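Dropping work_6.txt in here (compact mmCIF, C-alpha atoms and all ligand atoms):
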```
# COMPACT_ATOMS: atom_id res chain seq x y z
CA MET L 7 144.40 -9.72 -173.79
CA LYS L 8 146.11 -7.81 -171.02
CA ASP L 9 148.78 -6.76 -173.50
CA ILE L 10 146.21 -5.46 -175.97
CA ARG L 11 144.46 -3.37 -173.31
CA GLN L 12 147.84 -2.01 -172.29
CA ILE L 13 148.65 -1.21 -175.92
CA ILE L 14 145.39 0.73 -176.22
CA ASN L 15 146.08 2.74 -173.06
CA GLU L 16 149.62 3.47 -174.08
CA ALA L 17 148.59 4.54 -177.61
CA LEU L 18 145.74 6.75 -176.35
CA GLU L 19 148.09 8.45 -173.91
CA LYS L 20 150.52 9.20 -176.75
CA VAL L 21 147.71 10.51 -178.97
CA LYS L 22 146.54 12.79 -176.17
CA ASN L 23 149.92 14.53 -176.01
CA ALA L 24 150.71 14.48 -179.73
CA ASP L 25 151.02 17.37 -182.14
CA VAL L 26 150.40 17.28 -185.91
CA SER L 27 153.82 15.84 -186.78
CA THR L 28 153.98 13.11 -184.09
CA LEU L 29 150.41 11.96 -184.77
CA GLU L 30 151.43 10.40 -188.07
CA ASN L 31 154.31 8.51 -186.34
CA ILE L 32 151.89 7.09 -183.75
CA LYS L 33 149.64 5.87 -186.56
CA VAL L 34 152.58 4.07 -188.18
CA GLU L 35 153.78 2.64 -184.83
CA TYR L 36 150.44 0.98 -183.98
CA LEU L 37 148.50 0.58 -187.22
CA GLY L 38 151.15 0.54 -189.95
CA LYS L 39 152.33 -2.55 -191.88
CA SER L 40 154.89 -3.42 -189.21
CA GLY L 41 152.87 -1.79 -186.44
CA VAL L 42 152.29 -3.44 -183.01
CA LEU L 43 148.69 -4.45 -183.67
CA THR L 44 149.39 -5.64 -187.19
CA GLN L 45 152.12 -7.87 -185.75
CA ILE L 46 149.65 -9.39 -183.28
CA LEU L 47 147.15 -10.07 -186.06
CA LYS L 48 149.87 -11.65 -188.18
CA SER L 49 150.88 -13.99 -185.34
CA LEU L 50 147.35 -15.38 -184.83
CA PHE L 51 148.06 -18.54 -186.85
CA SER L 52 149.92 -20.02 -183.83
CA TYR L 53 146.83 -19.88 -181.55
CA SER L 54 143.88 -22.23 -181.13
CA ILE L 55 140.71 -21.40 -183.08
CA ASP L 56 138.98 -19.97 -179.97
CA ASP L 57 141.98 -17.81 -179.04
CA LYS L 58 142.33 -16.68 -182.67
CA LYS L 59 138.72 -15.44 -182.61
CA ARG L 60 139.06 -13.71 -179.23
CA ILE L 61 142.46 -12.13 -179.72
CA GLY L 62 141.68 -11.27 -183.36
CA SER L 63 138.47 -9.47 -182.50
CA GLU L 64 140.13 -7.65 -179.58
CA ALA L 65 143.09 -6.56 -181.73
CA ASN L 66 140.75 -5.32 -184.51
CA ASN L 67 138.73 -3.43 -181.93
CA ALA L 68 141.95 -1.88 -180.58
CA LYS L 69 142.88 -0.83 -184.12
CA SER L 70 139.60 0.99 -184.65
CA VAL L 71 139.69 2.63 -181.18
CA ILE L 72 143.19 3.98 -181.81
CA GLU L 73 142.36 4.99 -185.38
CA THR L 74 139.24 6.92 -184.27
CA GLU L 75 141.19 8.65 -181.54
CA ILE L 76 143.93 9.68 -183.98
CA GLU L 77 141.33 11.11 -186.41
CA ASN L 78 139.56 13.03 -183.62
CA LYS L 79 142.85 14.41 -182.38
CA LYS L 80 143.77 15.46 -185.93
CA GLU L 81 140.47 17.38 -186.30
CA ASN L 82 140.93 19.08 -182.93
CA LEU L 83 144.48 20.11 -183.75
CA LYS L 84 143.37 21.56 -187.10
CA LYS L 85 140.60 23.51 -185.42
CA SER L 86 142.81 24.94 -182.71
CA LEU L 87 145.47 25.91 -185.27
CA LEU L 88 142.78 27.75 -187.26
CA ASP L 89 141.46 29.46 -184.10
CA GLU L 90 144.97 30.54 -183.24
CA LYS L 91 145.51 31.88 -186.77
CA MET L 92 142.22 33.80 -186.72
CA ARG L 93 143.12 35.32 -183.37
CA LYS L 94 146.55 36.42 -184.56
CA GLU L 95 145.40 37.75 -187.94
CA LYS L 96 142.45 39.77 -186.66
CA LEU L 97 142.40 43.23 -188.25
CA ASP L 98 142.94 45.97 -185.73
CA ASN L 99 140.95 48.92 -187.07
CA SER L 100 142.23 51.20 -184.35
CA LYS L 101 145.75 51.14 -185.76
CA SER L 102 146.70 53.86 -188.23
CA PHE L 103 148.55 52.78 -191.35
CA TYR L 104 150.40 54.19 -194.33
CA PHE L 105 148.52 54.02 -197.64
CA PRO L 106 151.21 54.11 -200.34
CA PHE L 107 148.99 55.19 -203.27
CA SER L 108 148.41 58.78 -204.25
CA ASN L 109 145.10 60.14 -205.48
CA GLY L 110 144.24 59.69 -209.15
CA SER L 111 143.83 62.62 -211.50
CA PHE L 112 142.28 63.32 -214.89
CA HIS L 113 144.28 62.23 -217.92
CA PRO L 114 145.62 65.30 -219.79
CA VAL L 115 143.47 64.43 -222.82
CA ILE L 116 140.33 64.31 -220.66
CA GLN L 117 141.34 67.59 -218.98
CA THR L 118 141.77 69.15 -222.41
CA ILE L 119 138.30 67.96 -223.52
CA GLN L 120 136.86 69.52 -220.35
CA ASP L 121 138.68 72.82 -221.02
CA ILE L 122 137.67 72.92 -224.71
CA THR L 123 134.07 72.15 -223.70
CA ALA L 124 134.08 74.97 -221.15
CA VAL L 125 135.20 77.51 -223.78
CA PHE L 126 132.55 76.41 -226.30
CA LYS L 127 129.87 76.44 -223.60
CA SER L 128 130.82 80.04 -222.89
CA LEU L 129 130.31 80.73 -226.61
CA GLY L 130 126.74 79.37 -226.42
CA PHE L 131 127.23 75.72 -227.53
CA ALA L 132 125.31 72.79 -226.05
CA VAL L 133 127.13 69.42 -225.54
CA ALA L 134 126.04 66.07 -227.04
CA GLU L 135 127.53 62.58 -227.34
CA GLY L 136 127.42 59.91 -230.04
CA PRO L 137 128.27 56.18 -230.19
CA GLU L 138 131.84 54.97 -230.93
CA ILE L 139 130.49 52.01 -232.91
CA GLU L 140 128.74 53.38 -235.96
CA THR L 141 126.99 52.21 -239.11
CA ASP L 142 128.18 53.05 -242.59
CA TRP L 143 125.24 55.46 -242.92
CA TYR L 144 126.26 57.75 -240.05
CA ASN L 145 130.04 57.63 -240.59
CA PHE L 146 129.93 58.01 -244.41
CA GLU L 147 126.66 57.96 -246.38
CA ALA L 148 124.77 60.68 -244.53
CA LEU L 149 127.94 62.80 -244.69
CA ASN L 150 127.86 62.77 -248.47
CA ILE L 151 130.50 60.03 -248.78
CA PRO L 152 128.78 57.37 -250.91
CA ASP L 153 129.99 53.78 -251.24
CA ASN L 154 133.14 53.41 -253.37
CA HIS L 155 133.84 57.15 -253.15
CA PRO L 156 137.62 57.80 -253.05
CA ALA L 157 137.14 60.05 -249.98
CA ARG L 158 136.65 56.85 -247.93
CA ASP L 159 140.31 55.98 -248.49
CA THR L 160 141.44 59.11 -246.62
CA GLN L 161 140.06 57.66 -243.39
CA ASP L 162 141.49 54.18 -242.85
CA THR L 163 138.58 52.45 -241.21
CA PHE L 164 138.43 49.64 -238.66
CA TYR L 165 135.43 47.53 -239.73
CA ILE L 166 133.79 45.18 -237.22
CA GLU L 167 133.88 41.69 -238.68
CA GLY L 168 130.52 39.97 -239.25
CA MET L 169 128.54 43.15 -238.50
CA LYS L 170 127.55 46.05 -240.70
CA ALA L 171 129.40 48.31 -238.28
CA LEU L 172 132.67 50.18 -237.87
CA LEU L 173 134.59 52.21 -235.30
CA ARG L 174 133.85 55.85 -236.08
CA THR L 175 136.75 57.50 -237.89
CA HIS L 176 135.67 60.99 -236.85
CA THR L 177 133.07 62.68 -234.64
CA SER L 178 131.16 64.02 -237.68
CA PRO L 179 128.50 61.24 -237.44
CA GLY L 180 127.57 63.08 -234.21
CA GLN L 181 126.26 65.90 -236.45
CA ILE L 182 123.77 63.50 -238.06
CA HIS L 183 122.55 62.11 -234.70
CA VAL L 184 121.96 65.65 -233.40
CA MET L 185 120.15 66.83 -236.52
CA GLU L 186 117.96 63.71 -236.61
CA LYS L 187 116.76 64.47 -233.08
CA HIS L 188 116.50 68.28 -233.18
CA LYS L 189 115.22 70.99 -235.48
CA PRO L 190 117.23 74.20 -236.13
CA PRO L 191 118.49 76.43 -234.62
CA ILE L 192 121.36 74.13 -233.59
CA LYS L 193 124.60 75.05 -231.87
CA VAL L 194 126.30 72.03 -230.41
CA ILE L 195 129.66 70.33 -229.83
CA VAL L 196 130.16 66.55 -229.78
CA PRO L 197 133.39 65.45 -228.06
CA GLY L 198 134.52 61.84 -228.34
CA LYS L 199 137.01 59.11 -229.18
CA VAL L 200 137.71 58.13 -232.79
CA TYR L 201 139.70 55.34 -234.43
CA ARG L 202 141.82 55.10 -237.57
CA ASN L 203 143.76 52.18 -238.94
CA GLU L 204 146.90 54.22 -239.56
CA ALA L 205 150.56 54.19 -238.54
CA SER L 206 151.65 56.29 -235.55
CA ASP L 207 154.19 59.10 -235.55
CA ALA L 208 154.84 62.18 -233.39
CA THR L 209 151.49 63.75 -234.37
CA HIS L 210 149.33 60.76 -235.41
CA PHE L 211 147.84 57.94 -233.36
CA SER L 212 145.34 55.18 -234.18
CA THR L 213 143.02 56.19 -231.34
CA PHE L 214 142.51 59.85 -230.67
CA HIS L 215 139.83 62.37 -229.73
CA GLN L 216 137.95 65.02 -231.61
CA VAL L 217 135.49 67.72 -230.70
CA GLU L 218 132.91 68.18 -233.41
CA GLY L 219 131.12 71.51 -233.70
CA LEU L 220 127.90 72.22 -235.57
CA ALA L 221 125.69 75.28 -235.97
CA VAL L 222 122.63 75.33 -238.24
CA ASP L 223 120.18 78.18 -238.62
CA GLU L 224 118.92 80.68 -241.18
CA ASN L 225 121.62 83.02 -242.54
CA ILE L 226 124.70 81.35 -241.06
CA THR L 227 127.80 82.22 -243.10
CA PHE L 228 131.52 81.45 -243.23
CA VAL L 229 132.10 84.66 -241.25
CA ASP L 230 130.32 83.09 -238.25
CA LEU L 231 132.60 80.07 -238.55
CA LYS L 232 135.77 82.16 -238.70
CA ALA L 233 134.62 84.27 -235.77
CA VAL L 234 133.79 81.32 -233.53
CA LEU L 235 137.08 79.50 -234.26
CA SER L 236 139.17 82.64 -233.73
CA ASP L 237 137.31 83.28 -230.47
CA PHE L 238 137.99 79.73 -229.37
CA VAL L 239 141.74 79.81 -230.11
CA HIS L 240 142.18 83.22 -228.50
CA LYS L 241 140.22 82.23 -225.38
CA PHE L 242 142.07 78.91 -225.14
CA PHE L 243 145.66 79.89 -226.01
CA GLY L 244 145.68 83.68 -225.67
CA SER L 245 145.04 86.53 -228.08
CA ASP L 246 148.63 86.59 -229.41
CA ILE L 247 148.38 83.15 -231.05
CA ASN L 248 148.23 83.29 -234.83
CA ILE L 249 145.97 80.99 -236.77
CA ARG L 250 145.40 80.60 -240.48
CA PHE L 251 142.65 79.16 -242.66
CA ARG L 252 143.78 77.01 -245.58
CA PRO L 253 141.41 75.92 -248.35
CA SER L 254 140.76 72.19 -248.09
CA HIS L 255 138.28 69.52 -249.05
CA PHE L 256 135.76 67.52 -247.02
CA GLN L 257 132.81 65.75 -248.62
CA PHE L 258 130.42 67.04 -245.95
CA THR L 259 131.33 70.73 -246.16
CA GLU L 260 131.48 73.22 -249.02
CA PRO L 261 133.57 75.33 -248.96
CA SER L 262 136.02 73.58 -246.65
CA ALA L 263 139.11 74.72 -244.79
CA GLU L 264 141.78 73.52 -242.42
CA VAL L 265 142.96 75.65 -239.55
CA ASP L 266 146.61 75.73 -238.53
CA MET L 267 148.15 77.30 -235.43
CA GLN L 268 151.62 78.71 -235.29
CA CYS L 269 153.95 76.13 -233.76
CA ILE L 270 154.61 77.17 -230.18
CA PHE L 271 157.68 74.95 -229.87
CA CYS L 272 159.74 76.62 -232.59
CA LYS L 273 157.66 79.84 -232.80
CA GLY L 274 157.18 79.26 -236.50
CA LYS L 275 160.85 78.55 -237.33
CA GLY L 276 160.28 74.88 -238.14
CA CYS L 277 160.93 71.81 -235.99
CA ARG L 278 160.27 68.05 -235.80
CA LEU L 279 156.76 68.61 -234.45
CA CYS L 280 155.57 70.94 -237.20
CA LYS L 281 157.55 69.01 -239.83
CA SER L 282 159.65 72.14 -240.44
CA SER L 283 156.64 74.17 -241.64
CA GLY L 284 156.22 76.40 -238.58
CA TRP L 285 152.49 75.55 -238.46
CA ILE L 286 150.48 72.67 -237.08
CA GLU L 287 147.04 71.61 -238.28
CA ILE L 288 144.46 71.51 -235.49
CA LEU L 289 141.10 71.19 -237.19
CA GLY L 290 139.05 70.78 -240.31
CA CYS L 291 135.92 72.86 -240.97
CA GLY L 292 133.53 74.29 -243.51
CA MET L 293 129.95 75.13 -244.39
CA VAL L 294 127.61 72.13 -244.05
CA HIS L 295 127.07 70.57 -247.50
CA PRO L 296 123.41 70.79 -248.70
CA ASN L 297 123.42 67.00 -249.23
CA VAL L 298 124.05 66.53 -245.48
CA LEU L 299 121.10 68.78 -244.64
CA LYS L 300 118.97 66.80 -247.10
CA ALA L 301 120.02 63.48 -245.49
CA VAL L 302 118.43 64.62 -242.22
CA HIS L 303 115.38 66.13 -244.00
CA TYR L 304 116.29 69.75 -243.32
CA ASP L 305 115.20 72.35 -245.85
CA SER L 306 118.56 73.16 -247.51
CA GLY L 307 117.02 76.19 -249.21
CA LYS L 308 116.14 77.73 -245.87
CA TYR L 309 118.97 76.67 -243.57
CA THR L 310 122.74 76.91 -243.72
CA GLY L 311 125.33 75.84 -241.18
CA TYR L 312 128.98 75.45 -240.34
CA ALA L 313 130.82 72.47 -238.88
CA PHE L 314 134.31 71.81 -237.54
CA GLY L 315 136.27 68.86 -236.17
CA LEU L 316 139.07 69.62 -233.74
CA GLY L 317 141.92 67.22 -232.89
CA VAL L 318 142.03 67.12 -229.07
CA GLU L 319 145.51 65.57 -228.72
CA ARG L 320 146.99 68.26 -230.98
CA ILE L 321 145.45 70.94 -228.75
CA ALA L 322 146.69 69.15 -225.59
CA MET L 323 150.21 68.97 -227.06
CA PHE L 324 150.16 72.73 -227.54
CA LYS L 325 148.67 73.42 -224.16
CA TYR L 326 151.19 71.34 -222.22
CA GLY L 327 154.20 71.60 -224.53
CA ILE L 328 154.32 67.89 -225.43
CA ASP L 329 156.20 67.02 -228.60
CA ASP L 330 155.01 63.43 -229.16
CA ILE L 331 151.36 62.30 -229.19
CA ARG L 332 152.38 58.72 -228.26
CA LEU L 333 153.28 59.87 -224.73
CA PHE L 334 149.54 60.22 -224.00
CA TYR L 335 148.97 56.51 -224.52
CA GLU L 336 152.06 54.90 -222.98
CA ASN L 337 150.59 55.28 -219.47
CA ASP L 338 154.00 56.05 -217.99
CA LEU L 339 153.25 57.32 -214.48
CA ARG L 340 156.25 59.69 -214.60
CA PHE L 341 154.47 61.42 -217.49
CA LEU L 342 150.92 61.22 -216.13
CA LYS L 343 151.86 62.49 -212.65
CA GLN L 344 152.77 65.86 -214.12
CA PHE L 345 149.13 66.72 -214.82
C1 LIG L 401 137.97 65.08 -240.00
O1 LIG L 401 138.03 64.12 -239.27
C2 LIG L 401 136.70 65.81 -240.27
N1 LIG L 401 135.60 65.03 -239.76
C3 LIG L 401 136.75 67.18 -239.61
C4 LIG L 401 135.64 68.07 -240.04
C5 LIG L 401 134.52 68.16 -239.26
C6 LIG L 401 135.73 68.81 -241.23
C7 LIG L 401 133.45 68.99 -239.64
C8 LIG L 401 134.71 69.63 -241.62
C9 LIG L 401 133.58 69.71 -240.81
P1 LIG L 401 140.58 65.23 -240.34
O2 LIG L 401 140.76 63.84 -240.81
O3 LIG L 401 141.42 66.25 -241.00
O4 LIG L 401 139.07 65.68 -240.52
O5 LIG L 401 140.79 65.29 -238.76
C10 LIG L 401 140.48 66.45 -238.01
C11 LIG L 401 141.56 66.73 -236.97
O6 LIG L 401 141.80 65.57 -236.18
C12 LIG L 401 142.91 67.05 -237.60
O7 LIG L 401 143.01 68.41 -237.87
C13 LIG L 401 143.87 66.64 -236.50
O8 LIG L 401 143.98 67.68 -235.53
C14 LIG L 401 143.18 65.48 -235.86
N2 LIG L 401 143.70 64.20 -236.34
C15 LIG L 401 143.49 63.60 -237.54
N3 LIG L 401 144.12 62.42 -237.61
C16 LIG L 401 144.76 62.25 -236.43
C17 LIG L 401 145.58 61.22 -235.87
N4 LIG L 401 145.85 60.11 -236.52
N5 LIG L 401 146.07 61.38 -234.61
C18 LIG L 401 145.78 62.51 -233.93
N6 LIG L 401 145.01 63.51 -234.38
C19 LIG L 401 144.51 63.39 -235.63
```

With the file now loaded, output its structure as structure tokens.
Amino acid sequence: MKDIRQIINEALEKVKNADVSTLENIKVEYLGKSGVLTQILKSLFSYSIDDKKRIGSEANNAKSVIETEIENKKENLKKSLLDEKMRKEKLDNSKSFYFPFSNGSFHPVIQTIQDITAVFKSLGFAVAEGPEIETDWYNFEALNIPDNHPARDTQDTFYIEGMKALLRTHTSPGQIHVMEKHKPPIKVIVPGKVYRNEASDATHFSTFHQVEGLAVDENITFVDLKAVLSDFVHKFFGSDINIRFRPSHFQFTEPSAEVDMQCIFCKGKGCRLCKSSGWIEILGCGMVHPNVLKAVHYDSGKYTGYAFGLGVERIAMFKYGIDDIRLFYENDLRFLKQF
């Protein structure tokens, strides 16, 4: 019995001075399979029944005392390690530090939308927005492009599976939303993102931006359209920039035209960007088709209008001298930091 009491004292003394790594050794030394107390319990068979009971109960008691003490010590050590860590890792707000990130800036395409918008505002246009997910009605039907019409093939559409919806292929559905909500006179632009399921090259991308323009009133003619687009190009690029109107076809305008700008990279000589033509197409336009006015219940005998759809990336390429549209969407910081 004296030995057992001595064992307890000795073990508790060791536990008191232990650290995390030695604590486990102490446990093995006293309580493990070949530990001191286990040995005593194993040797009980050689004692009388009374002694077996006494020594057995004392040894089991010693085991639980030592075990409890080891567990308590373990908890205390954990807590003091945590306290120590918290003390060391406390944030010192008084210290100055170096923040290695520079300020963000607007993406060149967004900057270009803002600049285009500012010019059209100065020409008396209001600004509206439309949804990127559209129905067939807004993207096609109301724009005089009925189902199965071949004109649908010219705009490779991303359809949304399981829904009667699509990603708008142009900002022209914005015209319909505006006219449904407002009566003439109308003079508005609708900037936004559009999507087309088509292959990329230096001047085409599957996601790009357009700025739609629409004016509807009594007595609006093609002259107003030409004047407003010339004003825009001259205000945006300078009065020495040549533009030309080419006859074209859109289902929602009649007559229709495309506007080209002289290529500023080769000054009209012909290069990779303008596909050797010296000109680059920047927008489509025309006089609003009577069927479009009818779709929004406007009196097509009383009102006329013009509309245009400008390719923002094409304009940004001209403005900043960029010869490949794909650079806008690679998110290379060396490129983006220049704006
Ligand atoms: C249209 O999208 C017509 N909605 C424009 C319009 C509006 C005509 C109102 C008449 C009245 P188009 O598909 O040609 O037309 O596109 C217009 C402009 O968007 C083009 O001139 C071009 O600058 C730009 N664009 C077209 N496809 C791409 C493309 N894949 N990547 C970048 N820009 C493009």

**Study point:** Protein and nucleic residues near ligand LIG 401 (chain L), 8 Å, all atoms listed in the file, as a VMD selection string
**Key:** chain L and resid 160 to 161 175 to 178 202 204 to 206 209 to 216 218 to 220 256 258 to 259 262 to 265 287 to 294 312 to 321 331

Practice item. Please measure the separation of atom CA of L:Leu47 and atom CA of L:Asp9, giving the value in Å to one decimal. Key: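 Interatomic distance here is 13.1 Å.
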
Exercise for review: Considering all atoms listed in the file, state which residue in the set L:Ile270, L:Ile151, L:Leu87, L:Val184 is at the smallest distance from L:Val26.
Suggested key: L:Leu87

Exercise for review: Scan for residues within 12 Å of the point (147.2, 84.9, -227.2) in the coordinates of the file, using all atoms listed in the file, and reply as a list of chain:residue names.
Suggested key: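 Here the neighbourhood of the point contains L:Ser236, L:Asp237, L:Phe238, L:Val239, L:His240, L:Lys241, L:Phe242, L:Phe243, L:Gly244, L:Ser245, L:Asp246, L:Ile247, L:Asn248, L:Ile249, L:Met267, L:Gln268, L:Ile270, L:Lys325.
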
Check your understanding: How many Å separate atom CA of L:Ser52 from atom CA of L:Gly38?
Key -> 21.5 Å

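Using all atoms listed in the file for every distance, the candidate list L:Gly130, L:Gly284, L:Gly307, L:Gly274 yields L:Gly130 as the residue closest to L:Ala221.
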
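As for atom CA of L:Phe341 and atom CA of L:Glu138, they are spaced 27.1 Å apart.
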
Exercise for review: Taking the point (144.4, 1.2, -177.0) as given in the file, collect each protein or nucleic acid residue that comes within 12 Å of it, counting only C-alpha atoms, and present the set as a ChimeraX atom specification.
Suggested key: /L:7-22,32-33,36-37,42-43,64-76

Check your understanding: Pick from L:Ile122, L:Ile61, L:Leu231, L:Cys269: nearest to L:Ala322, with all atoms listed in the file counted?
Key ->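 Counting all atoms listed in the file, the residue closest to L:Ala322 is L:Ile122.
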
Exercise for review: Can you work out which one of L:Val200, L:Gln257, L:Ala132, L:Phe251 has the shortest atom-to-atom distance to L:Arg158, counting only C-alpha atoms?
Suggested key: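 That would be L:Gln257, the residue with the smallest distance to L:Arg158.
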
**Study point:** Polymer residues at most 12 Å from L:Gly110, all atoms listed in the file, same-chain spacing of 4 or more positions, as a list in words
**Key:** Leu339, Leu342, Lys343, Gln344 and Phe345 of chain L

Review point. So which one's closest to L:Gly311, L:Phe324, L:Phe112, L:Phe228, L:Phe334? Using only C-alpha atoms, please.
Key: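 Using only C-alpha atoms, L:Gly311 sits closest to L:Phe228.
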
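When only C-alpha atoms are used to compute distances to L:Val222, the closest of the residues L:Ser102, L:Ser306, L:Gln117, L:Ser27 turns out to be L:Ser306.
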
Exercise for review: Find the residues near L:Phe131: any atom within 10 Å, counting all atoms listed in the file, skip ones fewer than 5 places away on the same chain, and give them as a PyMOL selection string.
Suggested key: chain L and resi 123-126+192-196+219-221
